[in-house]
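Engineer: Take a look at data.cif, mmCIF, C-alpha atoms:
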data_entry
#
loop_
_atom_site.label_atom_id
_atom_site.label_comp_id
_atom_site.auth_asym_id
_atom_site.auth_seq_id
_atom_site.Cartn_x
_atom_site.Cartn_y
_atom_site.Cartn_z
CA MET A 500 -61.42 141.61 15.94
CA ARG A 501 -59.91 141.31 12.44
CA ASP A 502 -58.07 144.13 10.67
CA ILE A 503 -58.76 144.95 7.01
CA ASP A 504 -56.54 147.55 5.40
CA CYS A 505 -58.09 150.26 3.24
CA LYS A 506 -55.63 149.51 0.44
CA GLN A 507 -57.11 146.03 0.06
CA ILE A 508 -60.61 147.50 -0.13
CA THR A 509 -59.52 150.01 -2.78
CA GLU A 510 -57.85 147.31 -4.88
CA THR A 511 -60.90 145.07 -4.62
CA ILE A 512 -63.34 147.81 -5.63
CA SER A 513 -61.18 148.78 -8.61
CA LYS A 514 -60.99 145.20 -9.86
CA LEU A 515 -64.69 144.47 -9.36
CA PHE A 516 -65.92 147.47 -11.34
CA GLN A 517 -63.58 146.76 -14.22
CA GLU A 518 -64.64 143.11 -14.38
CA ALA A 519 -68.34 143.95 -13.99
CA CYS A 520 -68.23 146.26 -16.99
CA LEU A 521 -66.49 143.69 -19.20
CA TYR A 522 -68.03 140.32 -18.36
CA LEU A 523 -71.71 139.45 -18.18
CA PRO A 524 -72.53 137.13 -15.25
CA GLU A 525 -73.05 133.49 -16.26
CA ASP A 526 -76.63 133.36 -14.95
CA VAL A 527 -77.59 136.38 -17.08
CA LEU A 528 -75.87 134.94 -20.15
CA ALA A 529 -77.60 131.57 -19.75
CA THR A 530 -81.00 133.25 -19.32
CA ILE A 531 -80.57 135.32 -22.49
CA LYS A 532 -79.64 132.17 -24.42
CA ARG A 533 -82.78 130.40 -23.19
CA ALA A 534 -84.88 133.44 -24.07
CA ARG A 535 -83.42 133.41 -27.57
CA GLU A 536 -84.55 129.81 -28.06
CA SER A 537 -88.11 130.49 -26.90
CA GLU A 538 -88.52 133.85 -28.64
CA GLN A 539 -91.11 133.73 -31.44
CA SER A 540 -90.28 136.93 -33.31
CA PRO A 541 -87.49 136.65 -35.95
CA VAL A 542 -86.53 140.29 -35.37
CA ALA A 543 -86.35 139.75 -31.61
CA ARG A 544 -84.23 136.61 -32.06
CA ASP A 545 -81.82 138.58 -34.22
CA ILE A 546 -81.52 141.29 -31.56
CA LEU A 547 -80.84 138.69 -28.87
CA ASP A 548 -78.16 137.23 -31.15
CA ARG A 549 -76.55 140.66 -31.38
CA ILE A 550 -76.69 141.01 -27.58
CA LEU A 551 -74.94 137.65 -27.20
CA GLU A 552 -72.38 138.64 -29.84
CA ASN A 553 -71.73 141.85 -27.93
CA THR A 554 -70.90 139.90 -24.77
CA GLU A 555 -68.31 137.87 -26.68
CA ILE A 556 -66.69 140.95 -28.19
CA ALA A 557 -66.60 142.73 -24.82
CA ALA A 558 -64.83 139.78 -23.19
CA GLU A 559 -62.37 139.22 -26.04
CA GLU A 560 -61.45 142.85 -26.67
CA LYS A 561 -61.72 144.04 -23.04
CA THR A 562 -64.28 146.62 -24.13
CA PRO A 563 -67.20 147.59 -21.86
CA LEU A 564 -70.45 145.72 -22.47
CA CYS A 565 -72.19 149.10 -22.69
CA GLN A 566 -70.86 152.62 -23.18
CA ASP A 567 -72.85 153.66 -20.10
CA THR A 568 -70.68 152.26 -17.32
CA GLY A 569 -73.08 153.68 -14.82
CA THR A 570 -73.30 155.16 -11.39
CA ALA A 571 -70.94 153.21 -9.14
CA VAL A 572 -73.34 151.59 -6.67
CA VAL A 573 -71.53 149.73 -3.88
CA LEU A 574 -73.23 147.48 -1.35
CA LEU A 575 -71.18 146.53 1.70
CA GLU A 576 -71.84 143.85 4.28
CA LEU A 577 -69.49 144.76 7.10
CA GLY A 578 -68.82 142.17 9.76
CA GLN A 579 -69.19 143.61 13.23
CA GLU A 580 -65.84 142.10 14.20
CA VAL A 581 -63.96 143.93 11.42
CA HIS A 582 -61.63 146.83 12.16
CA ILE A 583 -60.86 149.07 9.15
CA THR A 584 -57.25 150.30 9.22
CA GLY A 585 -55.19 152.73 7.16
CA GLY A 586 -57.97 155.25 6.53
CA ASP A 587 -61.75 155.41 6.41
CA LEU A 588 -63.98 152.91 4.63
CA TYR A 589 -65.91 155.22 2.31
CA SER A 590 -62.77 157.05 1.16
CA ALA A 591 -61.24 153.68 0.31
CA VAL A 592 -64.32 152.74 -1.70
CA ASN A 593 -64.30 155.99 -3.65
CA GLU A 594 -60.60 155.65 -4.36
CA GLY A 595 -61.29 152.17 -5.73
CA VAL A 596 -63.96 153.59 -8.04
CA ARG A 597 -61.58 156.36 -9.11
CA GLN A 598 -58.80 153.92 -9.94
CA GLY A 599 -61.05 151.34 -11.57
CA TYR A 600 -62.72 153.77 -13.94
CA GLU A 601 -59.38 155.32 -14.87
CA GLU A 602 -57.45 152.07 -15.35
CA GLY A 603 -60.33 150.35 -17.13
CA TYR A 604 -61.00 153.27 -19.49
CA LEU A 605 -64.59 153.29 -18.29
CA ARG A 606 -66.86 156.23 -19.03
CA LYS A 607 -67.13 158.75 -16.21
CA SER A 608 -70.75 159.81 -15.92
CA MET A 609 -71.18 161.61 -12.59
CA VAL A 610 -71.93 165.34 -12.48
CA ARG A 611 -71.41 167.30 -9.29
CA GLN A 612 -74.50 169.52 -9.44
CA PRO A 613 -77.56 167.69 -10.81
CA TYR A 614 -79.77 170.68 -11.67
CA SER A 615 -77.53 173.60 -12.68
CA ALA A 616 -73.81 173.49 -13.51
CA ARG A 617 -73.63 169.85 -14.57
CA VAL A 618 -69.84 169.60 -14.35
CA ASN A 619 -68.42 166.09 -14.67
CA THR A 620 -66.44 164.91 -11.62
CA ARG A 621 -64.04 163.22 -14.09
CA ASP A 622 -63.53 160.04 -12.04
CA ASN A 623 -67.10 158.68 -11.61
CA THR A 624 -67.12 159.48 -7.92
CA PRO A 625 -68.80 159.78 -5.57
CA ALA A 626 -70.00 156.21 -5.36
CA VAL A 627 -73.46 155.48 -3.97
CA ILE A 628 -72.69 153.34 -0.93
CA TYR A 629 -75.00 151.26 1.26
CA THR A 630 -73.70 149.42 4.32
CA ASP A 631 -75.26 146.62 6.34
CA ILE A 632 -73.67 145.56 9.62
CA VAL A 633 -73.66 141.75 9.84
CA PRO A 634 -72.17 139.11 12.15
CA GLY A 635 -68.63 137.92 11.50
CA ASP A 636 -65.15 139.20 10.68
CA LYS A 637 -65.36 139.64 6.91
CA LEU A 638 -66.32 142.38 4.48
CA LYS A 639 -68.51 141.50 1.49
CA VAL A 640 -68.28 143.97 -1.38
CA ILE A 641 -70.78 144.14 -4.24
CA ALA A 642 -70.01 146.41 -7.19
CA MET A 643 -73.04 147.33 -9.28
CA PRO A 644 -72.58 149.75 -12.20
CA LYS A 645 -76.12 151.09 -12.69
CA GLY A 646 -76.82 152.61 -16.11
CA GLY A 647 -78.92 155.75 -16.39
CA GLY A 648 -81.45 154.41 -18.90
CA ALA A 649 -82.68 151.66 -16.58
CA GLU A 650 -82.33 153.63 -13.35
CA ASN A 651 -84.41 156.49 -14.78
CA MET A 652 -87.35 154.10 -15.07
CA THR A 653 -87.50 153.50 -11.29
CA ARG A 654 -90.97 153.90 -9.84
CA LEU A 655 -92.30 154.24 -6.30
CA ALA A 656 -95.98 153.93 -5.32
CA MET A 657 -97.37 154.50 -1.85
CA LEU A 658 -100.32 152.20 -2.36
CA SER A 659 -103.06 151.74 0.19
CA PRO A 660 -103.70 148.25 1.59
CA ALA A 661 -107.02 148.31 -0.27
CA HIS A 662 -105.14 148.01 -3.57
CA GLY A 663 -104.15 144.50 -2.54
CA ARG A 664 -102.24 141.95 -4.60
CA GLN A 665 -103.84 143.02 -7.88
CA GLY A 666 -102.84 146.62 -7.24
CA ILE A 667 -99.20 145.58 -6.95
CA ILE A 668 -99.36 143.54 -10.16
CA ASP A 669 -100.95 146.41 -12.08
CA PHE A 670 -98.40 148.90 -10.72
CA VAL A 671 -95.39 146.77 -11.75
CA VAL A 672 -96.74 145.87 -15.19
CA ASN A 673 -97.70 149.49 -15.91
CA ALA A 674 -94.23 150.66 -14.85
CA VAL A 675 -92.58 148.30 -17.35
CA ASN A 676 -95.10 149.21 -20.05
CA GLU A 677 -94.50 152.95 -19.59
CA ALA A 678 -90.74 152.38 -19.61
CA GLY A 679 -90.99 150.77 -23.05
CA SER A 680 -87.62 150.57 -24.78
CA ASN A 681 -85.92 153.12 -22.51
CA PRO A 682 -84.29 150.62 -20.09
CA CYS A 683 -82.92 148.50 -22.99
CA PRO A 684 -85.01 145.34 -22.61
CA PRO A 685 -85.03 142.49 -22.01
CA VAL A 686 -84.93 143.66 -18.41
CA ILE A 687 -84.68 142.16 -14.98
CA VAL A 688 -87.50 143.58 -12.86
CA GLY A 689 -86.70 144.20 -9.21
CA VAL A 690 -89.81 144.67 -7.07
CA GLY A 691 -89.89 145.83 -3.47
CA ILE A 692 -93.03 145.60 -1.37
CA GLY A 693 -93.51 146.84 2.19
CA GLY A 694 -91.44 148.73 4.72
CA THR A 695 -91.22 152.47 4.17
CA ALA A 696 -90.60 154.44 0.98
CA GLU A 697 -86.81 154.27 1.14
CA GLN A 698 -86.77 150.66 2.32
CA THR A 699 -88.97 149.38 -0.47
CA LEU A 700 -86.75 151.10 -3.03
CA MET A 701 -83.73 149.31 -1.57
CA LEU A 702 -85.59 145.99 -1.63
CA ALA A 703 -86.25 146.52 -5.33
CA LYS A 704 -82.61 147.30 -6.06
CA LYS A 705 -81.25 144.39 -4.03
CA ALA A 706 -83.71 142.08 -5.79
CA LEU A 707 -81.69 142.65 -8.97
CA LEU A 708 -78.70 140.88 -7.38
CA ARG A 709 -80.49 137.55 -7.02
CA GLU A 710 -79.50 134.77 -9.43
CA VAL A 711 -81.57 135.52 -12.51
CA GLY A 712 -84.84 133.61 -12.51
CA LYS A 713 -84.30 132.01 -9.11
CA PRO A 714 -87.70 132.24 -7.41
CA ASN A 715 -88.30 133.79 -4.03
CA PRO A 716 -88.14 130.97 -1.43
CA GLU A 717 -91.60 131.93 -0.15
CA ALA A 718 -94.19 130.19 -2.34
CA GLU A 719 -96.64 133.10 -2.17
CA PHE A 720 -94.06 135.58 -3.44
CA ALA A 721 -92.74 133.15 -6.05
CA GLU A 722 -96.26 132.82 -7.45
CA LEU A 723 -96.54 136.61 -7.60
CA GLU A 724 -93.26 136.73 -9.54
CA LYS A 725 -94.58 134.20 -12.07
CA GLU A 726 -97.80 136.10 -12.66
CA ILE A 727 -96.08 139.47 -13.11
CA PHE A 728 -93.46 137.88 -15.40
CA LYS A 729 -96.14 136.41 -17.64
CA ARG A 730 -98.07 139.67 -17.88
CA ILE A 731 -94.94 141.68 -18.68
CA ASN A 732 -93.91 139.35 -21.49
CA ASN A 733 -97.42 139.55 -22.90
CA LEU A 734 -96.94 143.31 -23.38
CA GLY A 735 -95.08 142.67 -26.63
CA ILE A 736 -92.37 145.28 -26.06
CA GLY A 737 -89.62 142.75 -26.77
CA PRO A 738 -85.83 143.12 -26.99
CA MET A 739 -84.84 146.77 -27.35
CA GLY A 740 -88.52 147.62 -27.95
CA TYR A 741 -88.76 145.93 -31.37
CA GLY A 742 -91.54 143.53 -30.36
CA GLY A 743 -91.55 139.95 -29.21
CA ASN A 744 -92.30 137.87 -26.15
CA THR A 745 -89.01 138.58 -24.34
CA THR A 746 -89.50 141.87 -22.51
CA ALA A 747 -88.31 140.58 -19.12
CA LEU A 748 -85.70 137.96 -18.31
CA ALA A 749 -86.98 137.63 -14.75
CA VAL A 750 -89.08 139.26 -12.05
CA HIS A 751 -87.63 139.22 -8.53
CA VAL A 752 -89.87 140.25 -5.63
CA GLU A 753 -88.62 141.08 -2.13
CA VAL A 754 -91.08 141.75 0.69
CA SER A 755 -90.85 143.38 4.12
CA PRO A 756 -93.46 144.00 6.85
CA SER A 757 -95.16 147.39 6.70
CA HIS A 758 -97.35 149.73 8.72
CA ILE A 759 -101.05 148.83 8.93
CA ALA A 760 -101.95 151.95 6.92
CA SER A 761 -99.30 151.48 4.23
CA MET A 762 -98.40 149.29 1.26
CA PRO A 763 -95.41 150.88 -0.47
CA ALA A 764 -94.16 149.25 -3.65
CA ALA A 765 -91.18 150.01 -5.88
CA VAL A 766 -89.86 148.92 -9.25
CA ASN A 767 -86.17 149.09 -10.14
CA LEU A 768 -85.26 147.89 -13.63
CA GLN A 769 -81.97 146.46 -14.83
CA CYS A 770 -81.16 146.33 -18.52
CA HIS A 771 -80.01 143.14 -20.23
CA SER A 772 -76.44 144.19 -19.45
CA ALA A 773 -77.00 143.18 -15.82
CA ARG A 774 -73.58 143.94 -14.42
CA HIS A 775 -72.48 143.17 -10.90
CA LYS A 776 -69.50 141.50 -9.25
CA GLU A 777 -68.81 140.67 -5.64
CA ALA A 778 -65.94 139.62 -3.40
CA ILE A 779 -65.40 138.76 0.24
CA ILE A 780 -62.38 140.20 2.04
#
What would you get if you wrote out this structure as structure tokens?

Structural biologist:
Amino acid sequence: MRDIDCKQITETISKLFQEACLYLPEDVLATIKRARESEQSPVARDILDRILENTEIAAEEKTPLCQDTGTAVVLLELGQEVHITGGDLYSAVNEGVRQGYEEGYLRKSMVRQPYSARVNTRDNTPAVIYTDIVPGDKLKVIAMPKGGGAENMTRLAMLSPAHGRQGIIDFVVNAVNEAGSNPCPPVIVGVGIGGTAEQTLMLAKKALLREVGKPNPEAEFAELEKEIFKRINNLGIGPMGYGGNTTALAVHVEVSPSHIASMPAAVNLQCHSARHKEAII
């Protein structure tokens, strides 16, 4: 059994969220640069240039990549041989969010009551926390600031098995088409297939954490990704909705077994400011 103190978790969470909001991951940056070179529309190329310029300014001036610094989504992989000391795990995570958003001058966007008195919590808590218990004596922490514009475009479909492969393709492409410019394209498209309603939504969200453009290791799913990617970029929505052939930077599909009567599918979009950072304690 290995002890991990809550103070270390809080410090790690605080640092990760600040860094995630300031620095675009290298895989995302490289993908945007490649998209800029292959983009055919002059207007779209100019917008991609501005996006790249924004990443440079954010890093140099320590200014958030986007004013929407998001819901603080935290994914934990907790080793079963870890003993948390000095408090409770989720309180430590929320304290890290509180400190990080305060010290980093990040916008606080959480309201306590979603449908009536929408009073800001003033520290961007509570975080949305998901925990997986895994073998080992370490704690993996993933900080994922999730902006409202992209998250609002999430879609869930409880398809029947009769819809088949084509039904999934049509559902995903239609979801991106209906989203239009709202999620600030070019987007990364996370797709979950199978499981139950809540599981397929989590598959879609976790798909966004994969290295951008890295295909699913299963050939069948990788081929599905390629076909959906091509159809999405043929929509012509383009960067920020101004037209072009760069609507998506990547499509990532994750699949789980499902009930014989079910074929749930979910789409979770991530804007071009695809922010996430991780650390292992």

Engineer: Run the PyMOL selection byres ((chain A and resi 603) around 10) against the file shown and list the residues it catches, as a PDB file with C-alpha atoms, in the frame of the given file.

Structural biologist:
ATOM      1  CA  SER A 513     -61.180 148.780  -8.610  1.00  0.00           C
ATOM      2  CA  LYS A 514     -60.990 145.200  -9.860  1.00  0.00           C
ATOM      3  CA  PHE A 516     -65.920 147.470 -11.340  1.00  0.00           C
ATOM      4  CA  GLN A 517     -63.580 146.760 -14.220  1.00  0.00           C
ATOM      5  CA  GLU A 518     -64.640 143.110 -14.380  1.00  0.00           C
ATOM      6  CA  CYS A 520     -68.230 146.260 -16.990  1.00  0.00           C
ATOM      7  CA  LEU A 521     -66.490 143.690 -19.200  1.00  0.00           C
ATOM      8  CA  LYS A 561     -61.720 144.040 -23.040  1.00  0.00           C
ATOM      9  CA  THR A 562     -64.280 146.620 -24.130  1.00  0.00           C
ATOM     10  CA  PRO A 563     -67.200 147.590 -21.860  1.00  0.00           C
ATOM     11  CA  GLN A 598     -58.800 153.920  -9.940  1.00  0.00           C
ATOM     12  CA  GLY A 599     -61.050 151.340 -11.570  1.00  0.00           C
ATOM     13  CA  TYR A 600     -62.720 153.770 -13.940  1.00  0.00           C
ATOM     14  CA  GLU A 601     -59.380 155.320 -14.870  1.00  0.00           C
ATOM     15  CA  GLU A 602     -57.450 152.070 -15.350  1.00  0.00           C
ATOM     16  CA  TYR A 604     -61.000 153.270 -19.490  1.00  0.00           C
ATOM     17  CA  LEU A 605     -64.590 153.290 -18.290  1.00  0.00           C
ATOM     18  CA  ARG A 606     -66.860 156.230 -19.030  1.00  0.00           C
TER      19      ARG A 606
END

Engineer: List as an MDAnalysis selection string: which residues have an atom within 12 Å of (-85.9, 156.1, -14.0), counting only C-alpha atoms?

Structural biologist: chainID A and resid 645:655 674:675 677:679 681:682 765:770

Engineer: Return the single residue from A:Val527, A:Val672, A:Ile641, A:Ala764 that is closest to Glu697 of chain A, with distances computed using all atoms listed in the file.

Structural biologist: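 Closest candidate: A:Ala764.
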
Engineer: Which distance in Å separates atom CA of Gly740 of chain A and atom CA of Ser680 of chain A, to one decimal?

Structural biologist: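 Atom CA of Ser680 of chain A lies at a distance of 4.4 Å from atom CA of Gly740 of chain A.
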
Engineer: Using atom CA of Arg774 of chain A and atom CA of Val572 of chain A as the two end points, give the distance in Å to one decimal.

Structural biologist: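 It comes out at 10.9 Å.
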
Engineer: Between A:Gln665, A:Ile780, A:Lys607, A:Thr554, which has the minimum distance to Ala529 of chain A (counting all atoms listed in the file)?

Structural biologist: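 Selected residue with least distance to Ala529 of chain A: A:Thr554.
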
Engineer: Pick the closest to Asp669 of chain A from A:Thr630, A:Phe728, A:Leu547, A:Ala721: which is it, counting only C-alpha atoms?

Structural biologist: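 Answer, going by the shortest atom-to-atom distance: A:Phe728.
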
Engineer: Mind listing whatever residues come within 10 Å of the point (-87.9, 147.0, -3.1)? Use only C-alpha atoms, file coordinates, and give them as a PyMOL selection string.

Structural biologist: chain A and resi 655+689-707+751-755+763-767

Engineer: Please identify every residue of segment 628-668 of chain A that has at least one atom no farther than 9 Å from an atom of segment 758-761 of chain A, counting all atoms listed in the file, and for each give the shortest atom pair and the distance in Å to one decimal, arranged by chain then increasing number, as CSV.

Structural biologist:
residue,atom,partner,partner_atom,distance
A:Met657,CA,A:Ser761,CA,7.1
A:Leu658,CA,A:Ser761,CA,6.7
A:Ser659,CA,A:Ser761,CA,5.5
A:Pro660,CA,A:Ser761,CA,6.1

Engineer: Closest to Leu574 of chain A among A:Pro644, A:Pro756, A:Gly737, A:Gly666, using only C-alpha atoms?

Structural biologist: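 Closest to Leu574 of chain A, using only C-alpha atoms: A:Pro644.
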
Engineer: Quote the spacing between atom CA of Asp502 of chain A and atom CA of Ala778 of chain A in Å to one decimal place.

Structural biologist: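 Distance reported for this atom pair: 16.7 Å.
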
Engineer: Do you know which residues are at most 12 Å from Gln539 of chain A counting all atoms listed in the file, after dropping those on the same chain fewer than 5 positions away, and could you put them as a count of residues only?

Structural biologist: 12

Engineer: How would segment 534-558 of chain A look with N, CA and C atoms restored, written as a tab-separated table (two decimals), keeping the file's coordinate frame?

Structural biologist:
chain	number	residue	atom	x	y	z
A	534	ALA	N	-83.86	132.55	-23.52
A	534	ALA	CA	-84.88	133.44	-24.07
A	534	ALA	C	-84.80	133.47	-25.59
A	535	ARG	N	-83.60	133.41	-26.12
A	535	ARG	CA	-83.42	133.41	-27.57
A	535	ARG	C	-84.07	132.17	-28.20
A	536	GLU	N	-83.98	131.05	-27.53
A	536	GLU	CA	-84.55	129.81	-28.06
A	536	GLU	C	-86.08	129.81	-28.02
A	537	SER	N	-86.65	130.49	-27.04
A	537	SER	CA	-88.11	130.49	-26.90
A	537	SER	C	-88.77	131.69	-27.57
A	538	GLU	N	-87.97	132.66	-28.00
A	538	GLU	CA	-88.52	133.85	-28.64
A	538	GLU	C	-89.16	133.50	-29.98
A	539	GLN	N	-90.35	134.06	-30.23
A	539	GLN	CA	-91.11	133.73	-31.44
A	539	GLN	C	-90.87	134.70	-32.59
A	540	SER	N	-90.47	135.92	-32.28
A	540	SER	CA	-90.28	136.93	-33.31
A	540	SER	C	-88.89	136.81	-33.95
A	541	PRO	N	-88.81	136.71	-35.28
A	541	PRO	CA	-87.49	136.65	-35.95
A	541	PRO	C	-86.64	137.89	-35.67
A	542	VAL	N	-87.27	139.06	-35.66
A	542	VAL	CA	-86.53	140.29	-35.37
A	542	VAL	C	-85.97	140.25	-33.95
A	543	ALA	N	-86.80	139.82	-33.00
A	543	ALA	CA	-86.35	139.75	-31.61
A	543	ALA	C	-85.22	138.74	-31.44
A	544	ARG	N	-85.31	137.60	-32.13
A	544	ARG	CA	-84.23	136.61	-32.06
A	544	ARG	C	-82.93	137.19	-32.59
A	545	ASP	N	-83.02	137.96	-33.65
A	545	ASP	CA	-81.82	138.58	-34.22
A	545	ASP	C	-81.20	139.57	-33.23
A	546	ILE	N	-82.04	140.33	-32.54
A	546	ILE	CA	-81.52	141.29	-31.56
A	546	ILE	C	-80.85	140.56	-30.41
A	547	LEU	N	-81.46	139.48	-29.94
A	547	LEU	CA	-80.84	138.69	-28.87
A	547	LEU	C	-79.52	138.09	-29.33
A	548	ASP	N	-79.43	137.71	-30.60
A	548	ASP	CA	-78.16	137.23	-31.15
A	548	ASP	C	-77.10	138.32	-31.09
A	549	ARG	N	-77.51	139.55	-31.41
A	549	ARG	CA	-76.55	140.66	-31.38
A	549	ARG	C	-76.11	140.96	-29.94
A	550	ILE	N	-77.03	140.82	-28.99
A	550	ILE	CA	-76.69	141.01	-27.58
A	550	ILE	C	-75.67	139.97	-27.15
A	551	LEU	N	-75.89	138.72	-27.54
A	551	LEU	CA	-74.94	137.65	-27.20
A	551	LEU	C	-73.60	137.87	-27.89
A	552	GLU	N	-73.63	138.34	-29.12
A	552	GLU	CA	-72.38	138.64	-29.84
A	552	GLU	C	-71.62	139.76	-29.13
A	553	ASN	N	-72.36	140.74	-28.64
A	553	ASN	CA	-71.73	141.85	-27.93
A	553	ASN	C	-70.99	141.38	-26.68
A	554	THR	N	-71.56	140.41	-25.98
A	554	THR	CA	-70.90	139.90	-24.77
A	554	THR	C	-69.57	139.21	-25.13
A	555	GLU	N	-69.54	138.53	-26.25
A	555	GLU	CA	-68.31	137.87	-26.68
A	555	GLU	C	-67.24	138.89	-27.05
A	556	ILE	N	-67.65	139.91	-27.78
A	556	ILE	CA	-66.69	140.95	-28.19
A	556	ILE	C	-66.14	141.69	-26.97
A	557	ALA	N	-67.04	142.02	-26.03
A	557	ALA	CA	-66.60	142.73	-24.82
A	557	ALA	C	-65.55	141.93	-24.07
A	558	ALA	N	-65.77	140.62	-23.92
A	558	ALA	CA	-64.83	139.78	-23.19
A	558	ALA	C	-63.51	139.63	-23.93
